[in-house]
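Inspection log for the structure reproduced underneath, given as structure tokens.
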Amino acid sequence: MAAPGNKFFIQDRLGQTAPHHESFKALWETKWKQPCSMGVYPFMFSSIDDFQPVVDSIVAKGLERPYNWDEYAQCFFPKAEELVSRARTANLEGHKEKASELYLRASALYRIARFPAPRSEKQRYAWEQGKEAAIQGLGLQKHPMVEVRIPHVHAANGDGKILPGFYHIPADASRAHKVPLIVIFTGLDGYRTELAVWKNGWAELGCATLVVEIPGTGDNPGAPSDPSSPDRVWGSMFDWITKQEGIDQSRIVNWGFSTGGHYSIRLAHTHADKLKGVVALGGGVHHMLDPEWLDAVDDLEYPFDLAHTLCYKFGYADDFERFKKEGRDKFSLLSTGVLDKPCTRLLLVNGTDDEIFPIDDYYLCLLHGSPKEARFIPGAKHMGEPQSFSVCLQWVFKLLDLPGDVGKFLSTIPSKPKY
């Protein structure tokens with residue numbers, strides 16, 4: 001902890017329970033309805049008209065924590081299936097824009113069905129169906145995205161063999177006209193199916209985008225319980241990137257969101273020579289896994305059971321007590337010496353009142369290793385939204401010498417359903 005008295009900066013909140021944990025009805029009314037109506041995280045590509053009937057059915061069932069995740073997920077399937085069917089028809093009739101929207105709206109329903117992580121059979125089914133709907137919809141857009149399957153040539157210690165990613169490269173990119181690349185690391189619950197929403201803004205600026213998940217989430221092949229697995233995965237990723245003739249290898253930026261920020265900070269130190277710069281938005285490095293923090297955060301800002309979802313993500317399944325005992329020292333970027341290594345240019349951004357990963361971790365980053373750049377958003381919670389996006393974008397625009405307009409860029413993020 002970085003606050004005086006060896007306390008967290010938000011120590012006085014650790015014993016509180018946020019109102020949205022009372023029931024799914026409370027979650028919807030106090031936390032999720034507004035972003036759904038706006039089409040922003042975690043409701044990228046969504047329409048509230050699709051979600052409201054599903055919410056009504058969940059509320060009628062009286063679902064609340066601890067959730068039966070199969071029962072929860074099943075509620076989203078009928079509407080998602082209807083949208084996929086309509087999307088197929090629209091595509092066959094040549095209405096690509098309509099088909100794209102409907103596929104992506106279906107993917108949004110499947111996403112919330114498997115949220116925050118596919119831990120049950122039906123949530124895993126939702127993840128598979130959501131991927132298929134998303135890639136169909138993204139492939140029909142003005143700036144199409146495709147799935148790439150990157151060979152994990154450095155696999156070891158239980159890693160999988162393939163790193164899937166969603167990839168867009170401008171049509172005019174070539175050996176003679178190389179373009180910058182933005183590599184996006186997704187978070188604990190937001191995967192490539194939704195963080196692809198950032199693609200259009202970068203495409204309009206002539207940049208390529210690669211979106212991949214982090215170990216223990218989505219389809220990342222890194223062994224979740226091995227702290228060094230991300231280094232192997234990213235090594236394989238950069239081997240693949242090096243072979244892409246249209247990418248300017250001197251203008252590669254990584255941006256990690258939330259838990260992805262943890263991996264971005266690590267990447268800035270382990271693969272510094274590969275990167276022009278790194279943005280870590282709302283990440284953590286050490287105190288995020290303090291036992292005291294983990295005991296409190298299931299009741300705070302996160303929609304569901306944050307600590308137990310992290311336990312699952314880091315390879316401990318449901319052995320929460322073991323995770324609390326071992327997790328920090330095993331995965332900490334401080335305890336493992338990562339923070340004391342040299343790093344590439346690294347921007348740290350978060351809200352001072354973050355209840356998911358403590359701002360204390362970014363103070364800790366500033367005390368170790370190479371000098372870093374930071375912006376803390378006063379009074380804001382996780383990731384410092386919405387002000388933080390402007391900070392991050394302006395930094396990347398300057399770093400890559402791009403003529404970007406923050407307002408224009410951010411206007412590409414919210415979903416605007418037409419059909």
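We name chains A, B, ... following the order of the structure tokens; residues begin at 1 in each chain, and ligands are numbered from 1 as shown.
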Give one line per residue of range 297-356 of chain A that approaches range 110-134 of chain A to at most 9 Å, naming the two atoms of the closest pair and their distance in Å to one decimal, counting only C-alpha atoms; sort by chain then ascending residue number and deliver it as a tab-separated table.
residue	atom	partner	partner_atom	distance
A:Pro303	CA	A:Pro116	CA	8.4
A:Phe304	CA	A:Pro116	CA	7.3
A:Asp305	CA	A:Pro116	CA	8.5
A:Leu306	CA	A:Pro116	CA	8.5
A:Thr309	CA	A:Ala117	CA	7.0
A:Tyr312	CA	A:Arg119	CA	8.2
A:Lys313	CA	A:Ala117	CA	8.3
Sel. of strand (DSSP E) residues, range 132-293 of chain A, as a PDB file with N, CA and C atoms, in the first residue's frame:
ATOM      1  N   VAL A 146     -10.177  -9.492 -39.681  1.00  0.00           N
ATOM      2  CA  VAL A 146     -10.133 -10.925 -39.903  1.00  0.00           C
ATOM      3  C   VAL A 146      -9.499 -11.590 -38.692  1.00  0.00           C
ATOM      4  N   GLU A 147      -9.752 -12.877 -38.541  1.00  0.00           N
ATOM      5  CA  GLU A 147      -9.082 -13.606 -37.478  1.00  0.00           C
ATOM      6  C   GLU A 147      -7.761 -14.138 -38.006  1.00  0.00           C
ATOM      7  N   VAL A 148      -6.707 -13.920 -37.246  1.00  0.00           N
ATOM      8  CA  VAL A 148      -5.403 -14.505 -37.560  1.00  0.00           C
ATOM      9  C   VAL A 148      -5.077 -15.520 -36.474  1.00  0.00           C
ATOM     10  N   ARG A 149      -4.378 -16.572 -36.856  1.00  0.00           N
ATOM     11  CA  ARG A 149      -3.991 -17.627 -35.925  1.00  0.00           C
ATOM     12  C   ARG A 149      -2.466 -17.666 -35.892  1.00  0.00           C
ATOM     13  N   ILE A 150      -1.919 -17.048 -34.871  1.00  0.00           N
ATOM     14  CA  ILE A 150      -0.484 -16.843 -34.757  1.00  0.00           C
ATOM     15  C   ILE A 150       0.158 -18.071 -34.117  1.00  0.00           C
ATOM     16  N   PRO A 151       1.080 -18.712 -34.798  1.00  0.00           N
ATOM     17  CA  PRO A 151       1.728 -19.887 -34.209  1.00  0.00           C
ATOM     18  C   PRO A 151       2.517 -19.519 -32.951  1.00  0.00           C
ATOM     19  N   ILE A 162      -1.560 -21.990 -30.420  1.00  0.00           N
ATOM     20  CA  ILE A 162      -2.010 -20.902 -31.294  1.00  0.00           C
ATOM     21  C   ILE A 162      -2.474 -19.711 -30.460  1.00  0.00           C
ATOM     22  N   LEU A 163      -2.064 -18.514 -30.891  1.00  0.00           N
ATOM     23  CA  LEU A 163      -2.606 -17.268 -30.343  1.00  0.00           C
ATOM     24  C   LEU A 163      -3.549 -16.674 -31.374  1.00  0.00           C
ATOM     25  N   PRO A 164      -4.871 -16.787 -31.176  1.00  0.00           N
ATOM     26  CA  PRO A 164      -5.797 -16.148 -32.118  1.00  0.00           C
ATOM     27  C   PRO A 164      -5.860 -14.641 -31.857  1.00  0.00           C
ATOM     28  N   GLY A 165      -6.047 -13.888 -32.909  1.00  0.00           N
ATOM     29  CA  GLY A 165      -6.220 -12.452 -32.771  1.00  0.00           C
ATOM     30  C   GLY A 165      -7.158 -11.930 -33.833  1.00  0.00           C
ATOM     31  N   PHE A 166      -7.753 -10.777 -33.590  1.00  0.00           N
ATOM     32  CA  PHE A 166      -8.529 -10.074 -34.610  1.00  0.00           C
ATOM     33  C   PHE A 166      -7.633  -8.976 -35.166  1.00  0.00           C
ATOM     34  N   TYR A 167      -7.542  -8.895 -36.491  1.00  0.00           N
ATOM     35  CA  TYR A 167      -6.519  -8.075 -37.136  1.00  0.00           C
ATOM     36  C   TYR A 167      -7.122  -7.269 -38.273  1.00  0.00           C
ATOM     37  N   HIS A 168      -6.760  -5.989 -38.301  1.00  0.00           N
ATOM     38  CA  HIS A 168      -7.088  -5.143 -39.447  1.00  0.00           C
ATOM     39  C   HIS A 168      -5.819  -4.445 -39.903  1.00  0.00           C
ATOM     40  N   VAL A 179       2.711   0.861 -42.302  1.00  0.00           N
ATOM     41  CA  VAL A 179       1.805   1.583 -41.405  1.00  0.00           C
ATOM     42  C   VAL A 179       2.099   1.225 -39.950  1.00  0.00           C
ATOM     43  N   PRO A 180       1.739   2.120 -39.026  1.00  0.00           N
ATOM     44  CA  PRO A 180       1.903   1.797 -37.600  1.00  0.00           C
ATOM     45  C   PRO A 180       0.955   0.670 -37.191  1.00  0.00           C
ATOM     46  N   LEU A 181       1.284   0.014 -36.094  1.00  0.00           N
ATOM     47  CA  LEU A 181       0.449  -1.063 -35.551  1.00  0.00           C
ATOM     48  C   LEU A 181       0.130  -0.781 -34.093  1.00  0.00           C
ATOM     49  N   ILE A 182      -1.149  -0.867 -33.757  1.00  0.00           N
ATOM     50  CA  ILE A 182      -1.605  -0.776 -32.368  1.00  0.00           C
ATOM     51  C   ILE A 182      -1.966  -2.192 -31.921  1.00  0.00           C
ATOM     52  N   VAL A 183      -1.248  -2.697 -30.937  1.00  0.00           N
ATOM     53  CA  VAL A 183      -1.533  -4.015 -30.371  1.00  0.00           C
ATOM     54  C   VAL A 183      -2.333  -3.808 -29.087  1.00  0.00           C
ATOM     55  N   ILE A 184      -3.556  -4.310 -29.076  1.00  0.00           N
ATOM     56  CA  ILE A 184      -4.437  -4.134 -27.919  1.00  0.00           C
ATOM     57  C   ILE A 184      -4.452  -5.411 -27.097  1.00  0.00           C
ATOM     58  N   PHE A 185      -4.136  -5.281 -25.799  1.00  0.00           N
ATOM     59  CA  PHE A 185      -4.298  -6.366 -24.841  1.00  0.00           C
ATOM     60  C   PHE A 185      -5.646  -6.181 -24.156  1.00  0.00           C
ATOM     61  N   ALA A 208      -2.814  -0.096 -38.485  1.00  0.00           N
ATOM     62  CA  ALA A 208      -3.263  -1.474 -38.316  1.00  0.00           C
ATOM     63  C   ALA A 208      -3.576  -1.712 -36.845  1.00  0.00           C
ATOM     64  N   THR A 209      -4.435  -2.699 -36.580  1.00  0.00           N
ATOM     65  CA  THR A 209      -4.819  -3.048 -35.218  1.00  0.00           C
ATOM     66  C   THR A 209      -4.798  -4.557 -35.053  1.00  0.00           C
ATOM     67  N   LEU A 210      -4.199  -5.017 -33.968  1.00  0.00           N
ATOM     68  CA  LEU A 210      -4.218  -6.429 -33.587  1.00  0.00           C
ATOM     69  C   LEU A 210      -4.746  -6.517 -32.169  1.00  0.00           C
ATOM     70  N   VAL A 211      -5.817  -7.286 -31.970  1.00  0.00           N
ATOM     71  CA  VAL A 211      -6.444  -7.415 -30.650  1.00  0.00           C
ATOM     72  C   VAL A 211      -6.298  -8.859 -30.173  1.00  0.00           C
ATOM     73  N   VAL A 212      -5.676  -9.029 -29.002  1.00  0.00           N
ATOM     74  CA  VAL A 212      -5.457 -10.368 -28.455  1.00  0.00           C
ATOM     75  C   VAL A 212      -5.808 -10.394 -26.974  1.00  0.00           C
ATOM     76  N   ILE A 247       3.758  -3.646 -42.021  1.00  0.00           N
ATOM     77  CA  ILE A 247       3.865  -3.015 -40.694  1.00  0.00           C
ATOM     78  C   ILE A 247       5.211  -2.319 -40.536  1.00  0.00           C
ATOM     79  N   ASP A 248       5.154  -1.082 -40.083  1.00  0.00           N
ATOM     80  CA  ASP A 248       6.366  -0.336 -39.746  1.00  0.00           C
ATOM     81  C   ASP A 248       6.843  -0.814 -38.380  1.00  0.00           C
ATOM     82  N   GLN A 249       7.901  -1.603 -38.364  1.00  0.00           N
ATOM     83  CA  GLN A 249       8.362  -2.224 -37.131  1.00  0.00           C
ATOM     84  C   GLN A 249       8.885  -1.213 -36.108  1.00  0.00           C
ATOM     85  N   SER A 250       9.125   0.010 -36.543  1.00  0.00           N
ATOM     86  CA  SER A 250       9.602   1.050 -35.624  1.00  0.00           C
ATOM     87  C   SER A 250       8.461   1.859 -35.026  1.00  0.00           C
ATOM     88  N   ARG A 251       7.220   1.527 -35.403  1.00  0.00           N
ATOM     89  CA  ARG A 251       6.058   2.309 -34.924  1.00  0.00           C
ATOM     90  C   ARG A 251       4.972   1.358 -34.409  1.00  0.00           C
ATOM     91  N   ILE A 252       5.363   0.512 -33.464  1.00  0.00           N
ATOM     92  CA  ILE A 252       4.430  -0.422 -32.827  1.00  0.00           C
ATOM     93  C   ILE A 252       4.153   0.056 -31.415  1.00  0.00           C
ATOM     94  N   VAL A 253       2.882   0.206 -31.096  1.00  0.00           N
ATOM     95  CA  VAL A 253       2.438   0.644 -29.765  1.00  0.00           C
ATOM     96  C   VAL A 253       1.536  -0.422 -29.170  1.00  0.00           C
ATOM     97  N   ASN A 254       1.706  -0.671 -27.904  1.00  0.00           N
ATOM     98  CA  ASN A 254       0.813  -1.583 -27.181  1.00  0.00           C
ATOM     99  C   ASN A 254      -0.060  -0.785 -26.225  1.00  0.00           C
ATOM    100  N   TRP A 255      -1.349  -1.170 -26.158  1.00  0.00           N
ATOM    101  CA  TRP A 255      -2.290  -0.525 -25.234  1.00  0.00           C
ATOM    102  C   TRP A 255      -3.029  -1.640 -24.501  1.00  0.00           C
ATOM    103  N   GLY A 256      -2.839  -1.708 -23.198  1.00  0.00           N
ATOM    104  CA  GLY A 256      -3.511  -2.709 -22.384  1.00  0.00           C
ATOM    105  C   GLY A 256      -4.609  -2.085 -21.551  1.00  0.00           C
ATOM    106  N   PHE A 257      -5.772  -2.719 -21.561  1.00  0.00           N
ATOM    107  CA  PHE A 257      -6.937  -2.235 -20.840  1.00  0.00           C
ATOM    108  C   PHE A 257      -7.140  -3.051 -19.567  1.00  0.00           C
ATOM    109  N   GLY A 277       6.206   2.466 -27.778  1.00  0.00           N
ATOM    110  CA  GLY A 277       5.670   2.893 -26.500  1.00  0.00           C
ATOM    111  C   GLY A 277       4.538   1.988 -26.064  1.00  0.00           C
ATOM    112  N   VAL A 278       4.162   2.128 -24.790  1.00  0.00           N
ATOM    113  CA  VAL A 278       3.122   1.290 -24.189  1.00  0.00           C
ATOM    114  C   VAL A 278       2.201   2.164 -23.345  1.00  0.00           C
ATOM    115  N   VAL A 279       0.902   1.906 -23.451  1.00  0.00           N
ATOM    116  CA  VAL A 279      -0.106   2.525 -22.591  1.00  0.00           C
ATOM    117  C   VAL A 279      -0.691   1.449 -21.687  1.00  0.00           C
ATOM    118  N   ALA A 280      -0.634   1.664 -20.378  1.00  0.00           N
ATOM    119  CA  ALA A 280      -1.261   0.755 -19.426  1.00  0.00           C
ATOM    120  C   ALA A 280      -2.399   1.512 -18.753  1.00  0.00           C
ATOM    121  N   LEU A 281      -3.618   1.206 -19.166  1.00  0.00           N
ATOM    122  CA  LEU A 281      -4.803   1.915 -18.677  1.00  0.00           C
ATOM    123  C   LEU A 281      -5.507   1.070 -17.626  1.00  0.00           C
TER     124      LEU A 281
END
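The neighbours of Gly187 in chain A here are the residues that come within 10 Å of it, using only C-alpha atoms and leaving out any residue fewer than 4 positions away in the same chain; they are Tyr191, Arg192, Leu195, Val212, Glu213, Ile214, Pro215, Thr217, Gly218, Gly256, Phe257, Ser258, Thr259, Gly260, Gly261, His262, Tyr263, Gly282 and Gly283 of chain A.
Nearest to Phe397 in chain A of all the residues A:Leu205, A:His271, A:Ala60, A:Glu245 is A:Leu205, based on only C-alpha atoms.
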*asked:* Applying 10 Å and only C-alpha atoms, which residues near Asp231 in chain A remain after dropping the ones on its own chain fewer than 3 positions away? List them as a VMD selection string.
replied: chain A and resid 154 222 227 to 228 234 to 237 263 266 to 267 270 to 271
Using N, CA, C and O atoms, can you write the selected residues to a file as a tab-separated table (two decimals), in the first residue's frame?
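File selection_14.tsv, as written:
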chain	number	residue	atom	x	y	z
A	154	HIS	N	7.10	-20.46	-29.38
A	154	HIS	CA	7.89	-20.55	-28.15
A	154	HIS	C	7.13	-21.27	-27.04
A	154	HIS	O	7.47	-21.14	-25.86
A	222	GLY	N	-1.24	-18.98	-23.39
A	222	GLY	CA	-0.31	-19.00	-22.27
A	222	GLY	C	-0.86	-19.76	-21.07
A	222	GLY	O	-2.02	-19.59	-20.70
A	227	PRO	N	3.75	-17.63	-14.41
A	227	PRO	CA	3.97	-16.19	-14.53
A	227	PRO	C	4.78	-15.78	-15.75
A	227	PRO	O	4.69	-14.65	-16.22
A	228	SER	N	5.59	-16.70	-16.28
A	228	SER	CA	6.43	-16.36	-17.44
A	228	SER	C	5.78	-16.71	-18.77
A	228	SER	O	6.34	-16.41	-19.83
A	234	TRP	N	4.11	-13.47	-26.11
A	234	TRP	CA	4.38	-12.21	-26.81
A	234	TRP	C	5.62	-12.36	-27.71
A	234	TRP	O	5.70	-11.70	-28.75
A	235	GLY	N	6.56	-13.22	-27.32
A	235	GLY	CA	7.68	-13.50	-28.20
A	235	GLY	C	7.21	-14.09	-29.52
A	235	GLY	O	7.68	-13.69	-30.60
A	236	SER	N	6.27	-15.03	-29.45
A	236	SER	CA	5.70	-15.61	-30.66
A	236	SER	C	4.91	-14.57	-31.45
A	236	SER	O	4.96	-14.54	-32.69
A	237	MET	N	4.20	-13.72	-30.74
A	237	MET	CA	3.43	-12.66	-31.40
A	237	MET	C	4.35	-11.73	-32.18
A	237	MET	O	4.09	-11.40	-33.35
A	263	TYR	N	-0.33	-6.77	-18.04
A	263	TYR	CA	0.52	-7.42	-19.04
A	263	TYR	C	1.25	-6.41	-19.91
A	263	TYR	O	2.35	-6.68	-20.40
A	266	ARG	N	4.29	-5.33	-17.95
A	266	ARG	CA	5.29	-6.38	-18.06
A	266	ARG	C	5.96	-6.35	-19.44
A	266	ARG	O	7.19	-6.43	-19.56
A	267	LEU	N	5.14	-6.21	-20.49
A	267	LEU	CA	5.65	-6.19	-21.86
A	267	LEU	C	6.62	-5.03	-22.08
A	267	LEU	O	7.63	-5.18	-22.77
A	270	THR	N	9.82	-6.45	-20.69
A	270	THR	CA	10.38	-7.70	-21.23
A	270	THR	C	10.65	-7.62	-22.74
A	270	THR	O	11.50	-8.36	-23.25
A	271	HIS	N	9.92	-6.74	-23.45
A	271	HIS	CA	10.07	-6.63	-24.90
A	271	HIS	C	10.23	-5.16	-25.31
A	271	HIS	O	9.69	-4.72	-26.32
*asked:* List the spatial neighbours of Tyr316 in chain A as JSON, numbers by chain - criterion: any atom at most 12 Å away, only C-alpha atoms, same-chain residues fewer than 5 positions off excluded.
replied: {"A": [216, 223, 224, 225, 226, 307, 308, 309, 310, 311, 321, 322, 323, 324, 325, 326, 327]}
Just write the chosen residues, all heavy atoms, as a tab-separated table (two decimals), in the first residue's frame.
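Result saved to part_26.tsv:
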chain	number	residue	atom	x	y	z
A	216	GLY	N	-5.02	-16.81	-19.45
A	216	GLY	CA	-6.10	-17.11	-18.52
A	216	GLY	C	-7.44	-16.57	-18.95
A	216	GLY	O	-8.44	-16.77	-18.25
A	223	ALA	N	-0.05	-20.60	-20.46
A	223	ALA	CA	-0.47	-21.34	-19.28
A	223	ALA	C	-0.85	-20.35	-18.18
A	223	ALA	O	0.00	-19.56	-17.75
A	223	ALA	CB	0.65	-22.25	-18.81
A	224	PRO	N	-2.10	-20.36	-17.72
A	224	PRO	CA	-2.56	-19.33	-16.77
A	224	PRO	C	-1.75	-19.28	-15.47
A	224	PRO	O	-1.56	-18.20	-14.91
A	224	PRO	CB	-4.02	-19.73	-16.49
A	224	PRO	CG	-4.42	-20.56	-17.66
A	224	PRO	CD	-3.18	-21.28	-18.10
A	225	SER	N	-1.30	-20.43	-14.99
A	225	SER	CA	-0.62	-20.47	-13.69
A	225	SER	C	0.88	-20.26	-13.78
A	225	SER	O	1.57	-20.29	-12.77
A	225	SER	CB	-0.90	-21.82	-13.01
A	225	SER	OG	-0.46	-22.90	-13.84
A	226	ASP	N	1.41	-20.02	-14.99
A	226	ASP	CA	2.84	-19.80	-15.18
A	226	ASP	C	3.10	-18.30	-15.37
A	226	ASP	O	2.73	-17.73	-16.40
A	226	ASP	CB	3.32	-20.58	-16.40
A	226	ASP	CG	4.82	-20.45	-16.63
A	226	ASP	OD1	5.47	-19.65	-15.94
A	226	ASP	OD2	5.35	-21.13	-17.53
A	307	ALA	N	-12.63	-10.86	-7.34
A	307	ALA	CA	-11.51	-11.63	-6.78
A	307	ALA	C	-11.57	-13.09	-7.23
A	307	ALA	O	-10.55	-13.70	-7.55
A	307	ALA	CB	-11.51	-11.53	-5.26
A	308	HIS	N	-12.77	-13.65	-7.26
A	308	HIS	CA	-12.91	-15.05	-7.66
A	308	HIS	C	-12.72	-15.23	-9.17
A	308	HIS	O	-12.26	-16.29	-9.62
A	308	HIS	CB	-14.25	-15.60	-7.19
A	308	HIS	CG	-14.31	-15.82	-5.71
A	308	HIS	ND1	-14.45	-14.78	-4.80
A	308	HIS	CD2	-14.18	-16.95	-4.96
A	308	HIS	CE1	-14.45	-15.27	-3.57
A	308	HIS	NE2	-14.28	-16.58	-3.64
A	309	THR	N	-13.07	-14.20	-9.94
A	309	THR	CA	-12.80	-14.25	-11.38
A	309	THR	C	-11.30	-14.18	-11.63
A	309	THR	O	-10.77	-14.88	-12.50
A	309	THR	CB	-13.53	-13.11	-12.12
A	309	THR	OG1	-14.92	-13.12	-11.76
A	309	THR	CG2	-13.41	-13.28	-13.62
A	310	LEU	N	-10.60	-13.35	-10.87
A	310	LEU	CA	-9.14	-13.30	-10.97
A	310	LEU	C	-8.52	-14.64	-10.55
A	310	LEU	O	-7.55	-15.10	-11.16
A	310	LEU	CB	-8.59	-12.17	-10.09
A	310	LEU	CG	-8.81	-10.75	-10.60
A	310	LEU	CD1	-8.46	-9.74	-9.51
A	310	LEU	CD2	-7.97	-10.48	-11.85
A	311	CYS	N	-9.07	-15.25	-9.53
A	311	CYS	CA	-8.60	-16.55	-9.07
A	311	CYS	C	-8.69	-17.57	-10.21
A	311	CYS	O	-7.74	-18.33	-10.46
A	311	CYS	CB	-9.44	-17.00	-7.87
A	311	CYS	SG	-9.05	-18.62	-7.19
A	321	GLU	N	-8.50	-19.54	-1.37
A	321	GLU	CA	-7.56	-19.37	-0.25
A	321	GLU	C	-6.12	-19.58	-0.71
A	321	GLU	O	-5.21	-18.85	-0.28
A	321	GLU	CB	-7.92	-20.33	0.89
A	321	GLU	CG	-9.23	-20.01	1.57
A	321	GLU	CD	-9.28	-18.58	2.10
A	321	GLU	OE1	-8.30	-18.15	2.74
A	321	GLU	OE2	-10.30	-17.89	1.86
A	322	ARG	N	-5.90	-20.53	-1.59
A	322	ARG	CA	-4.54	-20.74	-2.10
A	322	ARG	C	-4.12	-19.56	-2.98
A	322	ARG	O	-2.96	-19.13	-2.96
A	322	ARG	CB	-4.49	-22.05	-2.89
A	322	ARG	CG	-3.09	-22.40	-3.37
A	322	ARG	CD	-3.07	-23.74	-4.08
A	322	ARG	NE	-1.81	-23.96	-4.77
A	322	ARG	CZ	-1.67	-24.55	-5.92
A	322	ARG	NH1	-2.76	-25.01	-6.56
A	322	ARG	NH2	-0.49	-24.70	-6.48
A	323	PHE	N	-5.05	-19.06	-3.76
A	323	PHE	CA	-4.77	-17.90	-4.60
A	323	PHE	C	-4.35	-16.71	-3.73
A	323	PHE	O	-3.35	-16.03	-4.04
A	323	PHE	CB	-6.01	-17.56	-5.42
A	323	PHE	CG	-5.91	-16.29	-6.23
A	323	PHE	CD1	-4.86	-16.07	-7.09
A	323	PHE	CD2	-6.91	-15.31	-6.13
A	323	PHE	CE1	-4.78	-14.90	-7.85
A	323	PHE	CE2	-6.84	-14.15	-6.88
A	323	PHE	CZ	-5.77	-13.94	-7.73
A	324	LYS	N	-5.06	-16.46	-2.65
A	324	LYS	CA	-4.70	-15.35	-1.76
A	324	LYS	C	-3.32	-15.57	-1.15
A	324	LYS	O	-2.55	-14.62	-0.96
A	324	LYS	CB	-5.73	-15.20	-0.64
A	324	LYS	CG	-7.04	-14.56	-1.08
A	324	LYS	CD	-7.86	-14.10	0.10
A	324	LYS	CE	-8.21	-15.23	1.03
A	324	LYS	NZ	-8.98	-14.74	2.21
A	325	LYS	N	-3.01	-16.79	-0.83
A	325	LYS	CA	-1.75	-17.10	-0.16
A	325	LYS	C	-0.56	-16.98	-1.11
A	325	LYS	O	0.51	-16.46	-0.73
A	325	LYS	CB	-1.80	-18.51	0.42
A	325	LYS	CG	-0.55	-18.92	1.19
A	325	LYS	CD	-0.71	-20.33	1.74
A	325	LYS	CE	0.55	-20.76	2.50
A	325	LYS	NZ	0.42	-22.14	3.05
A	326	GLU	N	-0.73	-17.41	-2.36
A	326	GLU	CA	0.39	-17.51	-3.29
A	326	GLU	C	0.41	-16.44	-4.39
A	326	GLU	O	1.47	-16.12	-4.93
A	326	GLU	CB	0.36	-18.87	-4.00
A	326	GLU	CG	0.48	-20.07	-3.12
A	326	GLU	CD	0.36	-21.37	-3.91
A	326	GLU	OE1	0.15	-21.33	-5.15
A	326	GLU	OE2	0.49	-22.43	-3.27
A	327	GLY	N	-0.76	-15.93	-4.76
A	327	GLY	CA	-0.90	-15.17	-5.99
A	327	GLY	C	-0.03	-13.94	-6.09
A	327	GLY	O	0.61	-13.70	-7.12
_Considering only C-alpha atoms, can you say which of A:Asp318, A:Glu301, A:Asp172, A:Asp189 comes closest to Cys207 in chain A?_
A:Asp172
*What does the distance from CA of Val338 in chain A to CA of Phe238 in chain A come to in Å, to one decimal?*
19.4 Å
*Extract, using only C-alpha atoms, all DNA, RNA and protein residues at most 9 Å from range 292-296 of chain A, discarding same-chain residues fewer than 4 positions from it, and format them as a ChimeraX atom specification.*
/A:8,13-17,287-288,300,306-308,324,357-358
_as a list in words, please: the residues near Arg175 in chain A (cut-off 7 Å, only C-alpha atoms, same-chain neighbours under 2 positions excluded)._
His177, Lys178, Glu245 and Gly246 of chain A
What does the file look like for those residues with N, CA, C and O atoms, as a tab-separated table (two decimals), in the first residue's frame?
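Below you can see out_38.tsv, which holds the result:
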chain	number	residue	atom	x	y	z
A	177	HIS	N	4.76	0.99	-48.46
A	177	HIS	CA	3.96	1.92	-47.65
A	177	HIS	C	3.59	1.23	-46.33
A	177	HIS	O	2.52	0.64	-46.19
A	178	LYS	N	4.50	1.30	-45.39
A	178	LYS	CA	4.30	0.63	-44.11
A	178	LYS	C	3.48	1.50	-43.16
A	178	LYS	O	3.53	2.73	-43.22
A	245	GLU	N	4.81	-7.60	-43.85
A	245	GLU	CA	5.55	-6.62	-44.65
A	245	GLU	C	4.97	-5.21	-44.59
A	245	GLU	O	5.68	-4.24	-44.77
A	246	GLY	N	3.67	-5.11	-44.35
A	246	GLY	CA	3.05	-3.79	-44.35
A	246	GLY	C	3.16	-3.04	-43.04
A	246	GLY	O	2.69	-1.91	-42.93
